[in-house]
$ cat work09.cif   # mmCIF, C-alpha atoms
data_entry
loop_
_atom_site.label_atom_id
_atom_site.label_comp_id
_atom_site.auth_asym_id
_atom_site.auth_seq_id
_atom_site.Cartn_x
_atom_site.Cartn_y
_atom_site.Cartn_z
CA MET A 1 31.11 -72.30 47.57
CA ASP A 2 29.75 -75.81 47.75
CA THR A 3 26.31 -76.83 46.56
CA VAL A 4 24.76 -76.92 50.02
CA SER A 5 25.85 -73.45 51.00
CA PHE A 6 24.91 -72.21 47.54
CA LEU A 7 21.40 -73.57 47.95
CA LYS A 8 21.18 -72.15 51.47
CA ARG A 9 22.21 -68.76 50.16
CA LEU A 10 19.77 -69.02 47.28
CA GLY A 11 17.05 -69.83 49.81
CA ALA A 12 18.07 -66.81 51.87
CA LEU A 13 17.93 -64.66 48.75
CA LEU A 14 14.42 -65.81 47.86
CA GLY A 15 13.28 -65.51 51.46
CA LEU A 16 14.60 -61.97 51.86
CA ALA A 17 13.17 -60.95 48.48
CA LEU A 18 9.75 -62.31 49.42
CA LEU A 19 9.92 -60.62 52.83
CA GLN A 20 10.81 -57.35 51.17
CA VAL A 21 8.22 -57.48 48.42
CA LEU A 22 5.31 -58.96 50.33
CA PHE A 23 5.77 -57.24 53.67
CA LEU A 24 8.43 -54.53 54.03
CA ASN A 25 7.53 -52.64 50.85
CA ARG A 26 4.01 -52.21 52.25
CA ILE A 27 5.47 -50.19 55.10
CA ASN A 28 5.41 -46.56 54.15
CA LEU A 29 5.53 -44.53 57.36
CA PHE A 30 4.59 -40.86 56.89
CA GLY A 31 4.98 -41.37 53.14
CA TYR A 32 8.76 -41.38 53.50
CA VAL A 33 9.98 -44.36 55.46
CA THR A 34 10.34 -47.77 53.82
CA PRO A 35 12.87 -50.19 55.30
CA LEU A 36 14.99 -52.01 52.73
CA PHE A 37 16.04 -54.88 54.88
CA TYR A 38 16.76 -57.22 51.98
CA ILE A 39 20.37 -55.95 51.85
CA TRP A 40 20.94 -58.12 54.92
CA LEU A 41 22.08 -60.84 52.52
CA ILE A 42 24.81 -58.58 51.12
CA VAL A 43 25.80 -57.14 54.47
CA ARG A 44 26.25 -60.62 55.90
CA SER A 45 28.49 -61.85 53.04
CA ASP A 46 31.56 -63.32 54.65
CA THR A 47 35.14 -62.56 53.73
CA SER A 48 35.71 -65.96 52.15
CA MET A 49 33.58 -65.03 49.17
CA SER A 50 35.27 -63.64 46.08
CA ARG A 51 34.40 -60.06 45.27
CA SER A 52 32.88 -61.13 41.96
CA SER A 53 30.57 -63.59 43.66
CA VAL A 54 29.44 -60.91 46.16
CA LEU A 55 28.67 -58.68 43.17
CA LEU A 56 26.69 -61.38 41.37
CA TRP A 57 24.66 -62.28 44.46
CA SER A 58 23.93 -58.58 45.07
CA PHE A 59 22.91 -57.99 41.50
CA PHE A 60 20.54 -60.96 41.33
CA LEU A 61 19.06 -60.11 44.72
CA GLY A 62 18.31 -56.59 43.53
CA LEU A 63 17.02 -57.88 40.21
CA ALA A 64 14.69 -60.35 41.94
CA ILE A 65 13.12 -57.51 43.91
CA ASP A 66 13.00 -55.25 40.85
CA LEU A 67 11.20 -57.84 38.78
CA SER A 68 8.62 -58.48 41.45
CA THR A 69 7.95 -54.81 42.19
CA GLY A 70 8.07 -53.47 38.64
CA THR A 71 11.01 -51.13 39.18
CA PRO A 72 13.59 -52.61 36.77
CA GLY A 73 17.17 -51.60 37.55
CA MET A 74 16.67 -49.53 40.69
CA HIS A 75 17.31 -52.19 43.32
CA ALA A 76 19.76 -54.01 41.02
CA ALA A 77 21.91 -50.89 40.57
CA SER A 78 21.97 -49.90 44.23
CA ALA A 79 22.47 -53.47 45.52
CA THR A 80 25.34 -54.02 43.06
CA LEU A 81 27.02 -50.85 44.30
CA LEU A 82 26.71 -52.11 47.86
CA GLY A 83 28.16 -55.42 46.69
CA LEU A 84 31.21 -53.57 45.40
CA VAL A 85 31.88 -51.63 48.61
CA GLN A 86 30.93 -54.34 51.11
CA PRO A 87 34.29 -56.21 51.26
CA PRO A 88 36.47 -53.09 51.70
CA LEU A 89 33.92 -51.78 54.18
CA ILE A 90 34.54 -54.75 56.48
CA ASN A 91 38.27 -54.06 56.35
CA LEU A 92 37.56 -50.47 57.25
CA PHE A 93 35.93 -51.44 60.54
CA VAL A 94 37.94 -54.49 61.59
CA THR A 95 41.55 -55.37 61.05
CA HIS A 96 41.79 -59.07 60.49
CA ASP A 97 44.12 -61.68 59.16
CA ARG A 98 43.43 -62.66 55.58
CA ARG A 99 43.02 -66.27 56.65
CA ASP A 100 40.35 -65.40 59.20
CA VAL A 101 36.89 -65.66 57.76
CA ILE A 102 34.66 -62.90 59.09
CA ARG A 103 30.93 -63.14 58.78
CA PRO A 104 29.85 -59.64 59.76
CA GLY A 105 27.95 -59.60 63.03
CA ARG A 106 27.88 -58.07 66.48
CA ILE A 107 29.96 -60.89 67.90
CA SER A 108 32.53 -61.36 65.13
CA MET A 109 33.23 -57.65 64.63
CA GLY A 110 32.46 -56.11 67.98
CA GLN A 111 29.37 -54.10 68.74
CA GLY A 112 30.61 -50.64 67.75
CA ALA A 113 32.39 -51.77 64.60
CA PHE A 114 29.37 -53.78 63.45
CA ALA A 115 26.98 -50.90 64.10
CA GLY A 116 29.24 -48.53 62.18
CA TYR A 117 29.62 -51.03 59.35
CA ILE A 118 25.92 -51.66 58.83
CA PHE A 119 25.15 -47.97 59.22
CA VAL A 120 27.56 -46.93 56.46
CA ALA A 121 26.48 -49.82 54.23
CA THR A 122 22.81 -48.95 54.70
CA VAL A 123 23.28 -45.26 53.98
CA ILE A 124 25.30 -45.98 50.81
CA HIS A 125 22.65 -48.36 49.52
CA HIS A 126 19.63 -46.25 50.48
CA MET A 127 21.15 -43.07 49.10
CA THR A 128 21.74 -44.73 45.74
CA TYR A 129 18.34 -46.36 45.65
CA PHE A 130 16.29 -43.28 46.57
CA LEU A 131 18.39 -41.09 44.29
CA LEU A 132 17.75 -43.36 41.29
CA ARG A 133 14.13 -43.70 42.26
CA SER A 134 13.49 -39.96 42.37
CA ILE A 135 15.00 -39.18 38.95
CA PRO A 136 14.20 -36.57 37.66
CA LEU A 137 15.05 -34.86 40.93
CA GLU A 138 12.35 -32.48 42.00
CA ASP A 139 12.56 -32.15 45.75
CA TRP A 140 15.91 -32.47 47.54
CA PHE A 141 14.31 -32.20 50.95
CA VAL A 142 12.01 -35.15 50.38
CA LEU A 143 14.91 -37.19 49.01
CA VAL A 144 17.10 -36.49 52.04
CA ALA A 145 14.22 -37.23 54.41
CA LYS A 146 13.57 -40.56 52.69
CA VAL A 147 17.25 -41.56 52.80
CA VAL A 148 17.79 -40.59 56.43
CA LEU A 149 14.57 -41.98 57.91
CA SER A 150 14.53 -45.20 55.87
CA SER A 151 18.21 -45.80 56.64
CA LEU A 152 17.54 -45.43 60.35
CA LEU A 153 14.66 -47.90 60.24
CA THR A 154 16.63 -50.46 58.20
CA PHE A 155 19.57 -49.99 60.56
CA VAL A 156 17.44 -50.66 63.62
CA ILE A 157 15.85 -53.73 62.05
CA MET A 158 19.29 -55.14 61.19
CA LEU A 159 20.57 -54.56 64.74
CA VAL A 160 17.54 -56.32 66.19
CA VAL A 161 17.82 -59.22 63.75
CA ASP A 162 21.53 -59.57 64.47
CA ILE A 163 20.97 -59.63 68.21
CA SER A 164 18.26 -62.26 68.03
CA PHE A 165 20.09 -64.44 65.47
CA SER A 166 23.52 -64.22 67.01
CA LYS A 167 22.00 -65.42 70.28
CA SER A 168 20.70 -68.49 68.55
CA ASP A 169 24.08 -68.86 66.80
CA ARG A 170 25.78 -68.83 70.14
CA SER A 171 23.32 -71.29 71.62
CA ARG A 172 24.08 -73.67 68.79
CA HIS A 173 27.84 -73.13 68.82
CA PRO A 174 28.63 -72.12 72.37
CA VAL A 175 31.80 -70.07 72.65
CA LYS A 176 34.42 -71.95 74.57
CA MET B 1 51.32 -58.10 28.42
CA ARG B 2 51.51 -60.56 31.24
CA SER B 3 51.15 -57.81 33.81
CA LEU B 4 48.19 -56.45 31.88
CA LEU B 5 46.50 -59.84 32.05
CA ASP B 6 47.37 -60.03 35.72
CA PHE B 7 45.83 -56.64 36.23
CA ILE B 8 42.63 -57.67 34.46
CA VAL B 9 42.35 -60.89 36.42
CA ARG B 10 43.07 -59.18 39.71
CA HIS B 11 40.47 -56.53 39.05
CA SER B 12 37.97 -58.74 37.26
CA HIS B 13 35.36 -57.80 39.86
CA VAL B 14 35.62 -54.16 38.77
CA PHE B 15 34.75 -55.12 35.20
CA LEU B 16 31.96 -57.33 36.48
CA PHE B 17 30.70 -54.41 38.56
CA ILE B 18 30.69 -52.10 35.54
CA LEU B 19 28.86 -54.71 33.48
CA LEU B 20 26.20 -55.31 36.14
CA GLU B 21 25.68 -51.59 36.74
CA ALA B 22 25.39 -51.04 33.01
CA VAL B 23 22.70 -53.71 32.81
CA SER B 24 20.92 -52.15 35.79
CA LEU B 25 21.00 -48.65 34.35
CA VAL B 26 19.80 -49.86 30.95
CA LEU B 27 16.87 -51.49 32.75
CA LEU B 28 16.36 -48.40 34.90
CA PHE B 29 16.26 -45.89 32.06
CA GLY B 30 14.63 -48.26 29.60
CA PHE B 31 11.67 -49.54 31.58
CA ASN B 32 10.75 -46.91 34.16
CA ASP B 33 8.62 -44.18 32.66
CA ARG B 34 9.78 -41.30 34.86
CA GLN B 35 13.45 -42.13 34.50
CA LYS B 36 13.09 -42.87 30.80
CA LEU B 37 11.47 -39.51 30.23
CA ALA B 38 14.15 -37.72 32.25
CA PHE B 39 16.84 -39.53 30.30
CA MET B 40 15.34 -38.70 26.95
CA THR B 41 14.78 -35.07 27.90
CA SER B 42 18.34 -34.53 29.01
CA ALA B 43 19.65 -36.51 26.05
CA ASN B 44 17.60 -34.25 23.82
CA SER B 45 18.90 -31.11 25.42
CA ILE B 46 22.47 -32.39 25.10
CA SER B 47 22.06 -33.25 21.44
CA GLY B 48 20.30 -29.92 20.91
CA THR B 49 23.28 -28.09 22.36
CA MET B 50 25.61 -30.12 20.15
CA PHE B 51 23.57 -29.23 17.07
CA ASP B 52 23.71 -25.56 18.03
CA TRP B 53 27.47 -25.69 18.33
CA ARG B 54 27.83 -27.44 15.02
CA ALA B 55 25.52 -25.03 13.25
CA GLY B 56 27.47 -22.13 14.78
CA MET B 57 30.75 -23.55 13.50
CA GLU B 58 29.38 -24.29 10.05
CA SER B 59 27.91 -20.83 9.63
CA TYR B 60 31.42 -19.36 9.79
CA PHE B 61 32.57 -21.54 6.93
CA SER B 62 29.60 -20.64 4.76
CA LEU B 63 29.73 -16.88 5.35
CA LYS B 64 31.16 -16.11 1.93
CA LYS B 65 28.56 -18.16 0.11
CA GLU B 66 25.85 -16.69 2.33
CA ASN B 67 27.04 -13.22 1.43
CA GLU B 68 26.96 -13.91 -2.30
CA MET B 69 23.45 -15.27 -1.94
CA LEU B 70 22.37 -12.16 -0.07
CA VAL B 71 23.83 -9.88 -2.71
CA ALA B 72 22.04 -11.80 -5.47
CA GLU B 73 18.81 -11.70 -3.47
CA ASN B 74 19.25 -8.00 -2.85
CA SER B 75 19.70 -7.12 -6.50
CA ARG B 76 16.72 -9.26 -7.43
CA LEU B 77 14.58 -7.45 -4.84
CA HIS B 78 15.88 -4.11 -6.02
CA GLY B 79 14.73 -4.89 -9.55
CA ARG B 80 11.37 -5.91 -8.16
CA LEU B 81 11.18 -2.66 -6.18
CA LEU B 82 11.70 -0.65 -9.37
CA GLU B 83 8.92 -2.56 -11.11
CA LEU B 84 6.65 -1.93 -8.15
CA ALA B 85 7.57 1.75 -8.06
CA ASP B 86 6.46 1.96 -11.68
CA SER B 87 3.16 0.25 -11.03
CA ALA B 88 2.62 2.43 -7.95
CA VAL B 89 3.04 5.46 -10.19
CA ALA B 90 0.54 4.07 -12.67
CA PHE B 91 -1.91 3.50 -9.83
CA GLN B 92 -1.40 6.98 -8.48
CA ALA B 93 -1.89 8.43 -11.96
CA ALA B 94 -5.21 6.66 -12.19
CA SER B 95 -6.28 8.18 -8.87
CA LEU B 96 -5.18 11.70 -9.79
CA GLY B 97 -7.92 12.61 -12.17
CA GLY B 98 -6.43 15.92 -13.16
CA GLY B 99 -3.08 14.73 -14.39
CA THR B 100 -0.50 12.04 -14.69
CA VAL B 101 2.41 11.16 -12.52
CA MET B 102 5.62 9.46 -13.55
CA ALA B 103 8.48 8.25 -11.43
CA ALA B 104 11.93 9.65 -12.04
CA ARG B 105 15.26 8.97 -10.45
CA VAL B 106 17.37 11.81 -9.10
CA ILE B 107 20.74 11.56 -10.84
CA ASP B 108 22.30 14.78 -9.60
CA ASN B 109 21.54 16.93 -6.61
CA SER B 110 23.04 19.67 -4.49
CA VAL B 111 21.90 21.37 -1.31
CA ARG B 112 24.93 23.42 -0.28
CA LYS B 113 25.02 26.12 -2.92
CA ASP B 114 22.94 29.32 -2.93
CA ASP B 115 21.16 28.18 -6.05
CA ASN B 116 20.80 24.45 -6.10
CA TYR B 117 19.59 22.31 -8.98
CA ILE B 118 18.45 18.72 -9.29
CA THR B 119 18.76 16.54 -12.37
CA ILE B 120 16.27 13.75 -12.99
CA ASN B 121 16.44 10.92 -15.54
CA ARG B 122 13.25 11.78 -17.47
CA GLY B 123 12.98 14.23 -20.31
CA SER B 124 10.68 15.48 -23.05
CA THR B 125 10.48 12.05 -24.68
CA ASP B 126 8.95 10.79 -21.41
CA GLY B 127 6.51 13.68 -21.39
CA VAL B 128 8.30 15.86 -18.87
CA GLY B 129 8.02 19.55 -19.62
CA LYS B 130 8.79 22.89 -18.08
CA GLY B 131 6.68 23.92 -15.09
CA MET B 132 5.75 20.46 -13.91
CA GLY B 133 5.80 19.80 -10.19
CA VAL B 134 8.23 17.35 -8.65
CA TYR B 135 7.67 15.76 -5.26
CA GLY B 136 9.11 12.91 -3.28
CA SER B 137 7.45 10.40 -1.00
CA THR B 138 7.51 12.80 1.95
CA GLY B 139 6.94 16.15 0.29
CA VAL B 140 7.43 18.74 -2.43
CA VAL B 141 10.85 18.87 -4.07
CA GLY B 142 10.65 21.53 -6.77
CA VAL B 143 9.53 22.44 -10.29
CA VAL B 144 10.92 21.33 -13.63
CA MET B 145 12.88 24.20 -15.14
CA LEU B 146 14.43 22.77 -18.29
CA SER B 147 13.72 19.57 -20.18
CA GLY B 148 16.21 17.74 -22.34
CA ARG B 149 15.27 14.70 -24.37
CA HIS B 150 16.08 12.22 -21.61
CA ASN B 151 16.88 14.37 -18.58
CA SER B 152 15.43 17.38 -16.90
CA ILE B 153 16.71 20.06 -14.56
CA VAL B 154 14.53 20.73 -11.56
CA LEU B 155 14.48 24.04 -9.72
CA PRO B 156 14.25 22.76 -6.16
CA VAL B 157 12.77 24.43 -3.12
CA LEU B 158 16.36 25.17 -2.11
CA ASN B 159 16.86 27.78 -4.79
CA GLY B 160 16.45 31.52 -4.48
CA LYS B 161 14.34 31.59 -7.65
CA SER B 162 11.91 29.00 -6.39
CA SER B 163 8.47 30.13 -5.33
CA ILE B 164 5.73 27.59 -4.67
CA SER B 165 2.11 28.36 -3.99
CA CYS B 166 1.16 26.88 -0.61
CA LYS B 167 -1.51 27.01 2.03
CA VAL B 168 -1.95 26.08 5.63
CA LYS B 169 -3.65 22.71 5.84
CA GLY B 170 -7.12 23.03 7.27
CA GLY B 171 -7.07 26.85 7.05
CA GLY B 172 -7.54 29.37 4.29
CA SER B 173 -4.28 31.30 4.44
CA PHE B 174 -2.01 30.85 1.51
CA GLY B 175 1.35 32.22 0.47
CA PHE B 176 4.54 31.40 -1.31
CA LEU B 177 7.33 29.18 -0.17
CA GLU B 178 10.70 30.77 -0.73
CA TRP B 179 14.25 30.07 0.28
CA LYS B 180 16.75 32.57 1.50
CA GLY B 181 19.82 30.37 1.20
CA GLY B 182 21.92 28.65 3.82
CA ASP B 183 19.89 26.18 5.89
CA PRO B 184 18.84 23.25 3.66
CA TYR B 185 16.12 22.13 6.06
CA HIS B 186 14.11 25.30 6.37
CA ALA B 187 12.32 27.66 3.98
CA VAL B 188 10.06 30.68 4.51
CA LEU B 189 6.41 31.09 3.75
CA THR B 190 5.72 34.68 2.68
CA ASP B 191 2.62 36.72 1.97
CA ILE B 192 0.60 35.26 4.83
CA PRO B 193 -1.67 38.05 6.12
CA TYR B 194 -0.94 39.34 9.62
CA HIS B 195 -4.29 38.28 11.04
CA SER B 196 -3.94 34.65 9.91
CA ASP B 197 -4.20 31.97 12.52
CA VAL B 198 -0.94 30.18 11.84
CA LYS B 199 0.94 28.49 14.63
CA ALA B 200 3.94 26.28 15.07
CA GLY B 201 3.18 22.65 14.17
CA ASP B 202 0.73 23.47 11.37
CA THR B 203 1.20 21.53 8.16
CA ILE B 204 1.84 23.43 4.96
CA VAL B 205 0.57 21.81 1.74
CA THR B 206 0.43 22.77 -1.90
CA SER B 207 -2.52 25.04 -2.66
CA GLY B 208 -3.44 23.61 -6.04
CA TYR B 209 -4.07 27.15 -7.32
CA SER B 210 -1.35 26.85 -9.92
CA SER B 211 -1.20 24.00 -12.39
CA VAL B 212 2.19 22.97 -11.06
CA PHE B 213 1.08 20.72 -8.20
CA PRO B 214 -2.13 18.98 -7.31
CA GLU B 215 -3.65 20.21 -4.10
CA GLY B 216 -2.61 18.85 -0.71
CA ILE B 217 0.92 17.55 -1.22
CA PRO B 218 2.91 18.14 1.98
CA VAL B 219 5.47 20.90 1.80
CA GLY B 220 6.58 21.27 5.41
CA TYR B 221 5.66 22.06 8.98
CA VAL B 222 5.54 25.47 10.61
CA ASP B 223 8.23 25.80 13.28
CA ALA B 224 8.25 29.59 13.95
CA VAL B 225 5.95 32.53 13.21
CA GLU B 226 7.03 36.20 13.41
CA PRO B 227 5.74 39.46 11.93
CA SER B 228 7.49 40.79 8.83
CA ALA B 229 9.41 44.08 8.88
CA ASN B 230 6.53 46.23 7.63
CA GLY B 231 3.98 44.59 9.91
CA TYR B 232 1.41 43.60 7.26
CA TRP B 233 2.51 40.07 6.78
CA LEU B 234 3.72 37.12 8.77
CA LYS B 235 7.08 35.51 8.22
CA VAL B 236 6.53 31.81 8.70
CA SER B 237 9.56 29.54 9.03
CA VAL B 238 8.84 26.08 7.58
CA LEU B 239 10.68 22.83 8.23
CA LEU B 240 10.70 21.15 4.81
CA ALA B 241 8.88 17.82 4.58
CA ALA B 242 11.18 16.39 1.93
CA ASP B 243 14.71 15.48 2.93
CA MET B 244 16.31 17.46 0.13
CA GLY B 245 19.79 16.08 0.71
CA ASN B 246 18.60 12.50 0.36
CA LEU B 247 16.40 12.12 -2.69
CA GLY B 248 16.20 8.82 -4.56
CA TRP B 249 12.99 8.49 -6.48
CA VAL B 250 10.70 11.43 -7.15
CA TYR B 251 7.38 11.87 -8.94
CA VAL B 252 6.78 14.32 -11.75
CA TYR B 253 3.24 15.65 -11.91
CA ALA B 254 1.82 16.65 -15.30
CA ARG B 255 -1.59 18.23 -15.24
CA ARG B 256 -3.71 17.32 -18.19
CA PRO B 257 -3.96 20.41 -20.40
CA ASP B 258 -7.34 22.06 -20.19
CA PRO B 259 -7.89 23.97 -23.47
CA GLU B 260 -10.75 26.01 -22.07
CA LEU B 261 -8.73 27.17 -19.08
CA GLU B 262 -5.78 28.04 -21.30
CA GLU B 263 -8.04 30.01 -23.57
CA LEU B 264 -9.51 31.96 -20.66
CA LYS B 265 -6.08 32.74 -19.28
CA GLU B 266 -4.95 33.90 -22.71
CA SER B 267 -7.90 36.27 -22.89
CA ILE B 268 -6.86 38.23 -19.77
CA PRO B 269 -5.84 41.61 -21.09
CA LYS B 270 -2.15 42.19 -20.48
#
$ encode --input "work09.cif" --output "structure tokens"
Amino acid sequence: MDTVSFLKRLGALLGLALLQVLFLNRINLFGYVTPLFYIWLIVRSDTSMSRSSVLLWSFFLGLAIDLSTGTPGMHAASATLLGLVQPPLINLFVTHDRRDVIRPGRISMGQGAFAGYIFVATVIHHMTYFLLRSIPLEDWFVLVAKVVLSSLLTFVIMLVVDISFSKSDRSRHPVK
Amino acid sequence: MRSLLDFIVRHSHVFLFILLEAVSLVLLFGFNDRQKLAFMTSANSISGTMFDWRAGMESYFSLKKENEMLVAENSRLHGRLLELADSAVAFQAASLGGGTVMAARVIDNSVRKDDNYITINRGSTDGVGKGMGVYGSTGVVGVVMLSGRHNSIVLPVLNGKSSISCKVKGGGSFGFLEWKGGDPYHAVLTDIPYHSDVKAGDTIVTSGYSSVFPEGIPVGYVDAVEPSANGYWLKVSVLLAADMGNLGWVYVYARRPDPELEELKESIPK
């Protein structure tokens, strides 16, 4: 990863963390639903990145959010887990040549495969996060409700963001 | 070795993952109050269970020592019990104005013969003499018949020659407790007048009319009342208060001699 793309990614990390902490964390629909959209950075990691570097980016992203929300370890642990499963998850939904670089998106993966991919990734991350957050477990029903509803909201946000950004991608690099 | 290194390099991300998760979990359980509390509670219960197991294991190895300690403790307490029995006797003696009481240990006993005898470990040198009453913690046992220097023979309730002056507690009727042989738990109260109001469940106590026993020591409990053959008296079956087959310590009652009373009794024309 060259310096420019490193800095771009670092900027994305800080931007997503700020978005999450300052805006998304304030959303608490019905007391259960909080979208955790910050994992967009991890979900969008392309296949050219080494697995270790995906892990490190995920960890520091989670840590940044933890440190600014006063929940040390929770986001770091769940984001790191997502960082571990993200590369094999791409392979699960698309078969691709090792030399092809895939940056997960509706266009690169296909609509269905991308939706399935972000759905599974979101559920894995949200399940881990809400599970750690609710230790010691008192109410299974509330935990399941939080995981399901928050996952759905995050999923929808990611689909919307992908649609709007991939359009702009295409406008900049028109497909021939 | 080379393949091991290869393996580590190829899976370096797994080790990195473990490291990062470890850091995260340390942060999670170290700095979040709820999670920290949950962690410490479960850690405590785990270590508590471990301690229980260990203590359980160790107790098997120390059983022998434990046993020796218990035996030593037991004999020490037994000695203490004897001391206390003595002081209890002294106390009781002080409260029985009319006489003195001393504790004695039953060293021989029988209940199965027709004429049973009991041997106790106190004799004339301890002040035990013929005609003194002997009773246990639950009730009357018998009367001293012979006194040696250090031992005495007691004529127990379970002997055909025994006859103890008794009365019905709370009522006026009195009679003599006698034993007809056989059943070591029951004796018969004779000479109770036919009209007496005696019923099953009444308590029979010593009358205090003779100098053998102080008044009011439990003898037994009425369990059956029937008229005697000639119809003038009642035959009252009594469940003995003292467990005659299981006597350990007994008390010997010695009434203080009353010269005036003796003199009066002597003067009755024969």
$ atom_distance --input "work09.cif" --atom1 "CA of Val144 (chain A)" --atom2 "CA of Met127 (chain A)"
8.3 Å
$ closest_residue --input "work09.cif" --among "A:Pro136, A:Pro72, A:Gly116, A:Pro88" --to "Thr47 (chain A)" --atoms "all atoms listed in the file"
A:Pro88
$ closest_atom_pairs --input "work09.cif" --of "chain A" --to "chain B" --cutoff "10 Å" --atoms "only C-alpha atoms" --output "Markdown table"
| residue | atom | partner | partner_atom | distance |
| --- | --- | --- | --- | --- |
| A:Ser50 | CA | B:His13 | CA | 8.5 |
| A:Arg51 | CA | B:His13 | CA | 5.9 |
| A:Ser52 | CA | B:His13 | CA | 4.7 |
| A:Ser53 | CA | B:His13 | CA | 8.4 |
| A:Val54 | CA | B:His13 | CA | 9.2 |
| A:Leu55 | CA | B:Phe17 | CA | 6.6 |
| A:Leu56 | CA | B:Leu20 | CA | 8.0 |
| A:Ser58 | CA | B:Leu20 | CA | 9.8 |
| A:Phe59 | CA | B:Leu20 | CA | 6.8 |
| A:Phe60 | CA | B:Leu20 | CA | 9.5 |
| A:Gly62 | CA | B:Ser24 | CA | 9.3 |
| A:Leu63 | CA | B:Ser24 | CA | 8.2 |
| A:Asp66 | CA | B:Leu28 | CA | 9.7 |
| A:Gly70 | CA | B:Asn32 | CA | 8.4 |
| A:Thr71 | CA | B:Asn32 | CA | 6.6 |
| A:Pro72 | CA | B:Leu27 | CA | 5.3 |
| A:Gly73 | CA | B:Ser24 | CA | 4.2 |
| A:Met74 | CA | B:Leu28 | CA | 5.9 |
| A:His75 | CA | B:Ser24 | CA | 8.4 |
| A:Ala76 | CA | B:Ser24 | CA | 5.7 |
| A:Ala77 | CA | B:Ser24 | CA | 5.0 |
| A:Ser78 | CA | B:Glu21 | CA | 8.5 |
| A:Ala79 | CA | B:Glu21 | CA | 9.5 |
| A:Thr80 | CA | B:Glu21 | CA | 6.8 |
| A:Leu81 | CA | B:Phe17 | CA | 7.7 |
| A:Gly83 | CA | B:Phe17 | CA | 8.6 |
| A:Leu84 | CA | B:Phe17 | CA | 6.9 |
| A:Leu132 | CA | B:Gln35 | CA | 8.1 |
| A:Arg133 | CA | B:Gln35 | CA | 7.9 |
| A:Ser134 | CA | B:Gln35 | CA | 8.2 |
| A:Ile135 | CA | B:Gln35 | CA | 5.6 |
| A:Pro136 | CA | B:Ala38 | CA | 5.5 |
| A:Leu137 | CA | B:Ala38 | CA | 9.2 |
$ closest_residue --input "work09.cif" --among "A:Phe37, A:Phe6, A:Phe23, A:Trp140" --to "Val161 (chain A)" --atoms "only C-alpha atoms"
A:Phe37
$ atom_distance --input "work09.cif" --atom1 "CA of Val222 (chain B)" --atom2 "CA of Ser110 (chain B)"
23.8 Å
$ atom_distance --input "work09.cif" --atom1 "CA of Asp114 (chain B)" --atom2 "CA of Val134 (chain B)"
19.8 Å
$ resolve_selection --input "work09.cif" --expression "the PyMOL selection byres ((chain A and resi 96-112) around 7)" --output "ChimeraX atom specification"
/A:44-48,94-95,113-116,162
$ write_last_selection --input "work09.cif" --atoms "C-alpha atoms" --output "JSON list (two decimals), keeping the file's coordinate frame"
[["chain", "number", "residue", "atom", "x", "y", "z"],
["A", 44, "ARG", "CA", 26.25, -60.62, 55.90],
["A", 45, "SER", "CA", 28.49, -61.85, 53.04],
["A", 46, "ASP", "CA", 31.56, -63.32, 54.65],
["A", 47, "THR", "CA", 35.14, -62.56, 53.73],
["A", 48, "SER", "CA", 35.71, -65.96, 52.15],
["A", 94, "VAL", "CA", 37.94, -54.49, 61.59],
["A", 95, "THR", "CA", 41.55, -55.37, 61.05],
["A", 113, "ALA", "CA", 32.39, -51.77, 64.60],
["A", 114, "PHE", "CA", 29.37, -53.78, 63.45],
["A", 115, "ALA", "CA", 26.98, -50.90, 64.10],
["A", 116, "GLY", "CA", 29.24, -48.53, 62.18],
["A", 162, "ASP", "CA", 21.53, -59.57, 64.47]]
$ residues_around --input "work09.cif" --residues "Leu89 (chain A)" --least-positions-apart "3" --cutoff "9 Å" --atoms "only C-alpha atoms" --output "list of chain:residue names"
A:Val85, A:Gln86, A:Leu92, A:Phe93, A:Val94, A:Tyr117, A:Val120, A:Ala121
$ resolve_selection --input "work09.cif" --expression "the PyMOL selection byres ((chain A and resi 15) around 12)" --output "MDAnalysis selection string"
chainID A and resid 7:14 16:23 37:41 61 64:65
$ write_last_selection --input "work09.cif" --atoms "C-alpha atoms" --output "mmCIF file, in the coordinates of the input"
data_model
loop_
_atom_site.group_PDB
_atom_site.id
_atom_site.type_symbol
_atom_site.label_atom_id
_atom_site.label_comp_id
_atom_site.auth_asym_id
_atom_site.auth_seq_id
_atom_site.Cartn_x
_atom_site.Cartn_y
_atom_site.Cartn_z
ATOM 1 C CA LEU A 7 21.400 -73.570 47.950
ATOM 2 C CA LYS A 8 21.180 -72.150 51.470
ATOM 3 C CA ARG A 9 22.210 -68.760 50.160
ATOM 4 C CA LEU A 10 19.770 -69.020 47.280
ATOM 5 C CA GLY A 11 17.050 -69.830 49.810
ATOM 6 C CA ALA A 12 18.070 -66.810 51.870
ATOM 7 C CA LEU A 13 17.930 -64.660 48.750
ATOM 8 C CA LEU A 14 14.420 -65.810 47.860
ATOM 9 C CA LEU A 16 14.600 -61.970 51.860
ATOM 10 C CA ALA A 17 13.170 -60.950 48.480
ATOM 11 C CA LEU A 18 9.750 -62.310 49.420
ATOM 12 C CA LEU A 19 9.920 -60.620 52.830
ATOM 13 C CA GLN A 20 10.810 -57.350 51.170
ATOM 14 C CA VAL A 21 8.220 -57.480 48.420
ATOM 15 C CA LEU A 22 5.310 -58.960 50.330
ATOM 16 C CA PHE A 23 5.770 -57.240 53.670
ATOM 17 C CA PHE A 37 16.040 -54.880 54.880
ATOM 18 C CA TYR A 38 16.760 -57.220 51.980
ATOM 19 C CA ILE A 39 20.370 -55.950 51.850
ATOM 20 C CA TRP A 40 20.940 -58.120 54.920
ATOM 21 C CA LEU A 41 22.080 -60.840 52.520
ATOM 22 C CA LEU A 61 19.060 -60.110 44.720
ATOM 23 C CA ALA A 64 14.690 -60.350 41.940
ATOM 24 C CA ILE A 65 13.120 -57.510 43.910
#
